[in-house]
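Q: Following this line is target.csv, made up of CSV, C-alpha atoms:
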chain,number,residue,atom,x,y,z
A,1,MET,CA,-26.4,39.2,-8.0
A,2,SER,CA,-24.7,41.2,-5.3
A,3,ASN,CA,-21.3,39.7,-6.2
A,4,GLY,CA,-21.4,41.2,-9.7
A,5,SER,CA,-22.2,38.1,-11.7
A,6,LYS,CA,-25.1,37.9,-14.2
A,7,PRO,CA,-28.6,36.8,-13.0
A,8,GLY,CA,-28.9,33.1,-13.3
A,9,ALA,CA,-25.2,32.4,-12.9
A,10,VAL,CA,-24.0,30.0,-10.2
A,11,VAL,CA,-20.9,31.4,-8.3
A,12,THR,CA,-18.7,29.0,-6.3
A,13,ARG,CA,-16.2,30.9,-4.3
A,14,TRP,CA,-12.9,29.2,-3.5
A,15,TRP,CA,-10.9,30.5,-0.5
A,16,TRP,CA,-7.4,29.1,-0.6
A,17,VAL,CA,-5.2,29.3,2.5
A,18,ARG,CA,-1.6,28.3,2.4
A,19,HIS,CA,-0.3,26.4,5.4
A,20,ALA,CA,1.7,28.2,8.2
A,21,PRO,CA,5.5,28.4,7.9
A,22,VAL,CA,7.7,25.3,8.3
A,23,ARG,CA,10.6,25.9,10.8
A,24,CYS,CA,11.9,22.3,11.2
A,25,ASP,CA,13.1,21.6,7.7
A,26,GLY,CA,16.7,22.6,8.3
A,27,GLY,CA,16.6,24.9,5.3
A,28,ASN,CA,16.0,21.9,3.0
A,29,ILE,CA,13.4,21.2,0.3
A,30,TYR,CA,10.5,19.3,1.8
A,31,GLY,CA,7.8,19.0,-0.9
A,32,GLN,CA,5.6,16.1,0.1
A,33,SER,CA,7.5,15.3,3.2
A,34,ASP,CA,4.9,15.3,6.0
A,35,ILE,CA,6.5,17.7,8.5
A,36,ALA,CA,4.9,20.1,10.9
A,37,CYS,CA,4.4,23.9,10.7
A,38,ASP,CA,4.6,26.8,13.1
A,39,THR,CA,1.2,28.0,14.2
A,40,SER,CA,2.3,30.0,17.3
A,41,ASP,CA,1.4,33.5,16.0
A,42,ARG,CA,-2.2,33.7,17.0
A,43,TYR,CA,-2.6,37.3,15.7
A,44,VAL,CA,-2.1,36.0,12.2
A,45,PHE,CA,-4.7,33.3,12.5
A,46,GLU,CA,-7.2,35.7,14.1
A,47,ALA,CA,-6.8,38.0,11.1
A,48,VAL,CA,-7.3,35.2,8.6
A,49,ALA,CA,-10.3,33.9,10.6
A,50,LYS,CA,-12.0,37.3,10.2
A,51,ILE,CA,-12.0,37.3,6.4
A,52,LEU,CA,-13.1,33.7,5.8
A,53,PRO,CA,-16.8,32.9,5.3
A,54,PRO,CA,-18.4,31.1,8.3
A,55,ALA,CA,-20.7,28.8,6.3
A,56,ALA,CA,-18.2,27.0,4.0
A,57,VAL,CA,-17.2,23.5,3.1
A,58,TRP,CA,-13.6,22.8,4.3
A,59,PHE,CA,-10.9,20.8,2.5
A,60,ALA,CA,-7.3,20.2,3.4
A,61,SER,CA,-4.5,18.2,1.8
A,62,SER,CA,-3.3,14.9,3.1
A,63,LEU,CA,-0.3,16.5,4.8
A,64,GLN,CA,-0.4,17.4,8.5
A,65,ARG,CA,0.7,21.0,8.1
A,66,THR,CA,-2.6,21.9,6.4
A,67,HIS,CA,-4.6,20.3,9.2
A,68,GLN,CA,-2.5,22.2,11.8
A,69,THR,CA,-3.1,25.4,10.0
A,70,ALA,CA,-6.9,24.8,9.9
A,71,ASP,CA,-6.8,24.0,13.7
A,72,ALA,CA,-5.1,27.3,14.4
A,73,ILE,CA,-7.7,29.2,12.5
A,74,TRP,CA,-10.5,27.5,14.4
A,75,GLU,CA,-8.7,28.0,17.7
A,76,ALA,CA,-8.4,31.7,16.8
A,77,GLY,CA,-12.2,32.1,16.9
A,78,PHE,CA,-13.4,30.8,13.6
A,79,PRO,CA,-16.5,28.5,14.0
A,80,ARG,CA,-15.2,25.0,13.8
A,81,PRO,CA,-16.9,23.1,10.9
A,82,ALA,CA,-18.7,19.8,11.5
A,83,ALA,CA,-16.1,18.1,9.2
A,84,MET,CA,-13.1,18.8,7.1
A,85,MET,CA,-12.5,16.6,4.1
A,86,LYS,CA,-9.0,15.4,3.3
A,87,GLU,CA,-8.1,15.7,-0.4
A,88,ALA,CA,-4.9,14.0,-1.4
A,89,ALA,CA,-4.9,15.7,-4.8
A,90,PHE,CA,-4.2,19.0,-3.0
A,91,ALA,CA,-0.9,17.8,-1.6
A,92,GLU,CA,2.3,19.7,-2.5
A,93,GLN,CA,4.3,18.6,-5.5
A,94,ASN,CA,6.3,15.4,-5.0
A,95,LEU,CA,9.8,16.7,-5.4
A,96,GLY,CA,11.4,13.2,-5.3
A,97,LYS,CA,15.1,13.2,-4.8
A,98,TRP,CA,15.2,17.0,-4.5
A,99,GLN,CA,13.5,16.6,-1.1
A,100,GLY,CA,16.1,16.9,1.6
A,101,MET,CA,18.5,19.0,-0.5
A,102,ASN,CA,19.5,22.5,0.7
A,103,ARG,CA,16.9,24.9,-0.7
A,104,ALA,CA,19.1,27.9,-1.1
A,105,ALA,CA,21.8,26.0,-2.9
A,106,PHE,CA,19.3,24.3,-5.1
A,107,LEU,CA,17.5,27.5,-6.1
A,108,ALA,CA,20.8,29.2,-6.7
A,109,SER,CA,21.5,26.5,-9.3
A,110,ARG,CA,18.4,27.4,-11.2
A,111,PRO,CA,18.3,29.9,-14.1
A,112,ALA,CA,17.7,33.5,-13.1
A,113,GLY,CA,14.1,34.4,-13.1
A,114,SER,CA,12.8,30.9,-12.3
A,115,HIS,CA,9.5,30.9,-10.4
A,116,TRP,CA,9.7,27.3,-9.3
A,117,PHE,CA,12.0,24.4,-8.8
A,118,ALA,CA,12.0,23.5,-12.5
A,119,ASP,CA,10.2,24.1,-15.7
A,120,ILE,CA,6.6,23.0,-15.6
A,121,GLY,CA,7.2,19.9,-17.6
A,122,GLU,CA,10.4,18.7,-15.9
A,123,PRO,CA,9.8,16.1,-13.3
A,124,ALA,CA,11.8,15.9,-10.1
A,125,PRO,CA,13.9,12.7,-10.2
A,126,GLY,CA,11.6,10.0,-8.7
A,127,GLY,CA,8.8,12.6,-8.3
A,128,GLU,CA,6.4,14.8,-10.2
A,129,SER,CA,6.6,17.7,-12.6
A,130,PHE,CA,4.6,20.9,-11.9
A,131,MET,CA,2.3,19.8,-14.7
A,132,ASP,CA,1.6,16.6,-12.8
A,133,LEU,CA,0.7,18.7,-9.8
A,134,TYR,CA,-1.4,21.0,-11.9
A,135,ASN,CA,-3.4,18.3,-13.6
A,136,ARG,CA,-4.3,16.5,-10.3
A,137,VAL,CA,-5.2,19.8,-8.6
A,138,CYS,CA,-7.4,20.9,-11.5
A,139,GLY,CA,-9.2,17.6,-11.6
A,140,ALA,CA,-10.1,17.9,-7.9
A,141,ILE,CA,-11.2,21.5,-8.3
A,142,ASP,CA,-13.4,20.6,-11.2
A,143,ARG,CA,-15.0,17.8,-9.2
A,144,ILE,CA,-15.5,19.8,-6.0
A,145,THR,CA,-16.8,22.8,-7.9
A,146,ILE,CA,-19.6,20.6,-9.4
A,147,GLU,CA,-20.3,18.9,-6.1
A,148,HIS,CA,-20.5,22.2,-4.1
A,149,ALA,CA,-21.7,24.6,-6.8
A,150,GLY,CA,-23.0,27.9,-5.4
A,151,HIS,CA,-21.2,27.5,-2.1
A,152,ASP,CA,-18.1,28.7,-0.4
A,153,VAL,CA,-15.2,26.3,-0.3
A,154,ILE,CA,-12.2,26.8,2.0
A,155,ALA,CA,-9.2,24.8,1.0
A,156,VAL,CA,-6.0,24.7,3.1
A,157,GLY,CA,-3.2,23.8,0.7
A,158,HIS,CA,0.4,24.5,-0.3
A,159,GLY,CA,2.3,27.0,-2.4
A,160,GLY,CA,2.4,24.8,-5.5
A,161,THR,CA,-1.2,23.7,-5.1
A,162,ILE,CA,-2.5,27.3,-4.9
A,163,LYS,CA,-0.3,28.4,-7.8
A,164,ALA,CA,-1.8,25.6,-9.8
A,165,ALA,CA,-5.3,26.8,-8.9
A,166,VAL,CA,-4.4,30.4,-9.9
A,167,GLY,CA,-3.1,29.0,-13.3
A,168,LEU,CA,-6.4,27.3,-13.8
A,169,ALA,CA,-8.3,30.5,-13.0
A,170,LEU,CA,-6.2,32.4,-15.5
A,171,GLY,CA,-7.7,30.3,-18.3
A,172,GLY,CA,-5.6,27.2,-18.0
A,173,GLN,CA,-2.1,28.8,-18.0
A,174,PRO,CA,-0.1,27.0,-15.3
A,175,GLU,CA,3.1,28.9,-16.1
A,176,LYS,CA,1.3,32.2,-15.4
A,177,GLY,CA,0.2,30.8,-12.0
A,178,LEU,CA,3.8,30.2,-11.0
A,179,ALA,CA,4.6,33.9,-11.4
A,180,PHE,CA,2.4,34.7,-8.3
A,181,ASP,CA,3.8,34.8,-4.8
A,182,ILE,CA,1.8,32.6,-2.4
A,183,ASP,CA,2.9,33.4,1.2
A,184,ASN,CA,2.4,31.3,4.2
A,185,CYS,CA,-1.1,31.8,5.8
A,186,SER,CA,-2.2,34.0,2.9
A,187,VAL,CA,-5.7,33.9,1.5
A,188,THR,CA,-6.4,33.6,-2.2
A,189,ARG,CA,-10.0,33.8,-3.5
A,190,LEU,CA,-11.0,32.4,-6.9
A,191,ASP,CA,-14.6,32.6,-8.0
A,192,HIS,CA,-16.0,30.1,-10.5
A,193,ILE,CA,-19.0,31.5,-12.4
A,194,ALA,CA,-21.2,29.1,-14.4
A,195,SER,CA,-24.4,29.3,-16.4
A,196,GLU,CA,-25.8,27.4,-19.3
A,197,SER,CA,-23.4,28.9,-21.7
A,198,VAL,CA,-20.5,30.2,-19.6
A,199,SER,CA,-17.9,28.7,-17.3
A,200,VAL,CA,-15.3,31.3,-16.3
A,201,TRP,CA,-13.1,32.2,-13.3
A,202,ARG,CA,-12.6,35.6,-11.6
A,203,LEU,CA,-9.7,36.4,-9.3
A,204,PRO,CA,-10.9,38.8,-6.6
A,205,MET,CA,-7.8,38.5,-4.5
A,206,VAL,CA,-4.4,36.6,-4.6
A,207,ASN,CA,-2.0,36.3,-1.7
A,208,GLN,CA,-4.0,38.5,0.7
A,209,GLN,CA,-2.3,38.9,4.1
A,210,PRO,CA,-4.8,40.5,6.4
A,211,TRP,CA,-2.4,40.7,9.3
A,212,ILE,CA,0.2,43.0,7.7
A,213,ALA,CA,-1.7,46.2,8.7
A,214,ASP,CA,0.3,45.7,11.9
A,215,ALA,CA,4.0,46.2,11.1
A,216,ALA,CA,4.9,43.7,13.8
A,217,HIS,CA,3.3,40.9,11.8
A,218,GLY,CA,4.7,41.4,8.3
A,219,ALA,CA,7.1,38.4,8.3
A,220,MET,CA,5.0,35.3,7.5
A,221,HIS,CA,6.3,35.2,3.9
A,222,GLN,CA,9.9,34.4,4.5
A,223,PRO,CA,11.2,30.9,3.6
A,224,ALA,CA,11.9,28.8,6.7
A,225,GLY,CA,15.4,27.7,7.5
A,226,PRO,CA,18.9,28.9,8.0
A,227,GLU,CA,19.2,30.5,4.5
A,228,VAL,CA,17.1,33.4,5.9
A,229,ALA,CA,19.1,36.3,7.3
A,230,THR,CA,18.2,37.2,10.9
A,231,SER,CA,17.5,40.8,9.8
A,232,LYS,CA,14.7,39.6,7.6
A,233,LEU,CA,13.0,38.0,10.5
A,234,ALA,CA,12.9,41.2,12.6
Mind turning this structure into structure tokens?
A:
Amino acid sequence: MSNGSKPGAVVTRWWWVRHAPVRCDGGNIYGQSDIACDTSDRYVFEAVAKILPPAAVWFASSLQRTHQTADAIWEAGFPRPAAMMKEAAFAEQNLGKWQGMNRAAFLASRPAGSHWFADIGEPAPGGESFMDLYNRVCGAIDRITIEHAGHDVIAVGHGGTIKAAVGLALGGQPEKGLAFDIDNCSVTRLDHIASESVSVWRLPMVNQQPWIADAAHGAMHQPAGPEVATSKLA
């Protein structure tokens, strides 16, 4: 096959898009809080639209910021699909009582070198652990990969959701997925290759940001909120 897989293999290509930046969080952890995102930078969405496959099945999480991001991609010139399915399993991690806490202060209290809010098995008080997120995301990926085998799947999700998908593609190593940066509006492609005897993943690209060839549009990765220095937004 032209994509490098062996003859007879079925390749299902996942195109993950992280939602646009959140600006209205006050610098606080929002997790599963259903708040809006900033889709004002049309240049970014035009760049994303150019690299996504036009004939794809679309999914988004149950949170509005993923739907707003999908709308921005379509409004930037991408052919609007007939439908986009809402997948609750692709929602961000429920961070329980940590939601609403100042993000910078919370992260400063974590051990040096931490890639996430907590160790993968530690649940947020009143919420989920990253492993809870990982298991529900993987279950949905497995199901959708079977249902849409051989097709392109575009999924608009969240940082934690996409890190979980990367961990699955790395052979079921969720802690390794956490080590990857997943910036706002970035595109991550994960290919599932299946045959009678093989079921494997390939990672053609992670955290691709097609707009950064223009130096004026290199700032979609910053965390939103007052903990970001103005100089980093320039």
Q: Kindly indicate which residue among A:Ala105, A:Trp15, A:Gly113, A:Ala155 lies nearest to Trp58 of chain A, using only C-alpha atoms for the distances.
A: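 Of the candidates, the smallest distance to Trp58 of chain A is held by A:Ala155.
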Q: Could you give me, as a Markdown table, a per-residue list for segment 1-66 of chain A showing, wherever an atom lies at most 12 Å from an atom of segment 126-132 of chain A, the closest pair of atoms and their distance in Å to one decimal, using only C-alpha atoms and sorting by chain then residue number from low to high?
A:
| residue | atom | partner | partner_atom | distance |
| --- | --- | --- | --- | --- |
| A:Gly31 | CA | A:Gly127 | CA | 9.8 |
| A:Gln32 | CA | A:Gly127 | CA | 9.6 |
| A:Ser33 | CA | A:Gly127 | CA | 11.9 |
Q: Compare A:Ala91, A:Ala108, A:Val156, A:Ala165 by their minimum atom-to-atom distance to Asp142 of chain A, counting all atoms listed in the file, and give me the closest one.
A: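 Closest candidate: A:Ala165.
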Q: So the first atom is atom CA of Arg23 of chain A and the second is atom CA of Pro125 of chain A; what is the distance between them in Å, to one decimal place?
A: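 These two atoms are separated by 25.0 Å.
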Q: Pick from A:Val48, A:Val10, A:Val153, A:Cys24: nearest to Pro81 of chain A, with all atoms listed in the file counted?
A: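 Using all atoms listed in the file, the shortest distance to Pro81 of chain A belongs to A:Val153.
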Q: Pick from A:Arg143, A:Arg42, A:His148, A:His158: nearest to Val57 of chain A, with only C-alpha atoms counted?
A: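 With only C-alpha atoms as the atom set, the closest residue is A:His148.
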Q: Would you mind reading off the distance between atom CA of Leu133 of chain A and atom CA of Glu92 of chain A, one decimal, in Å?
A: 7.5 Å
Q: With distances taken over all atoms listed in the file, which of A:Cys185, A:Leu63, A:Leu107, A:Ala194 is nearest to Ile146 of chain A?
A: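 Smallest distance to Ile146 of chain A is found for A:Ala194.
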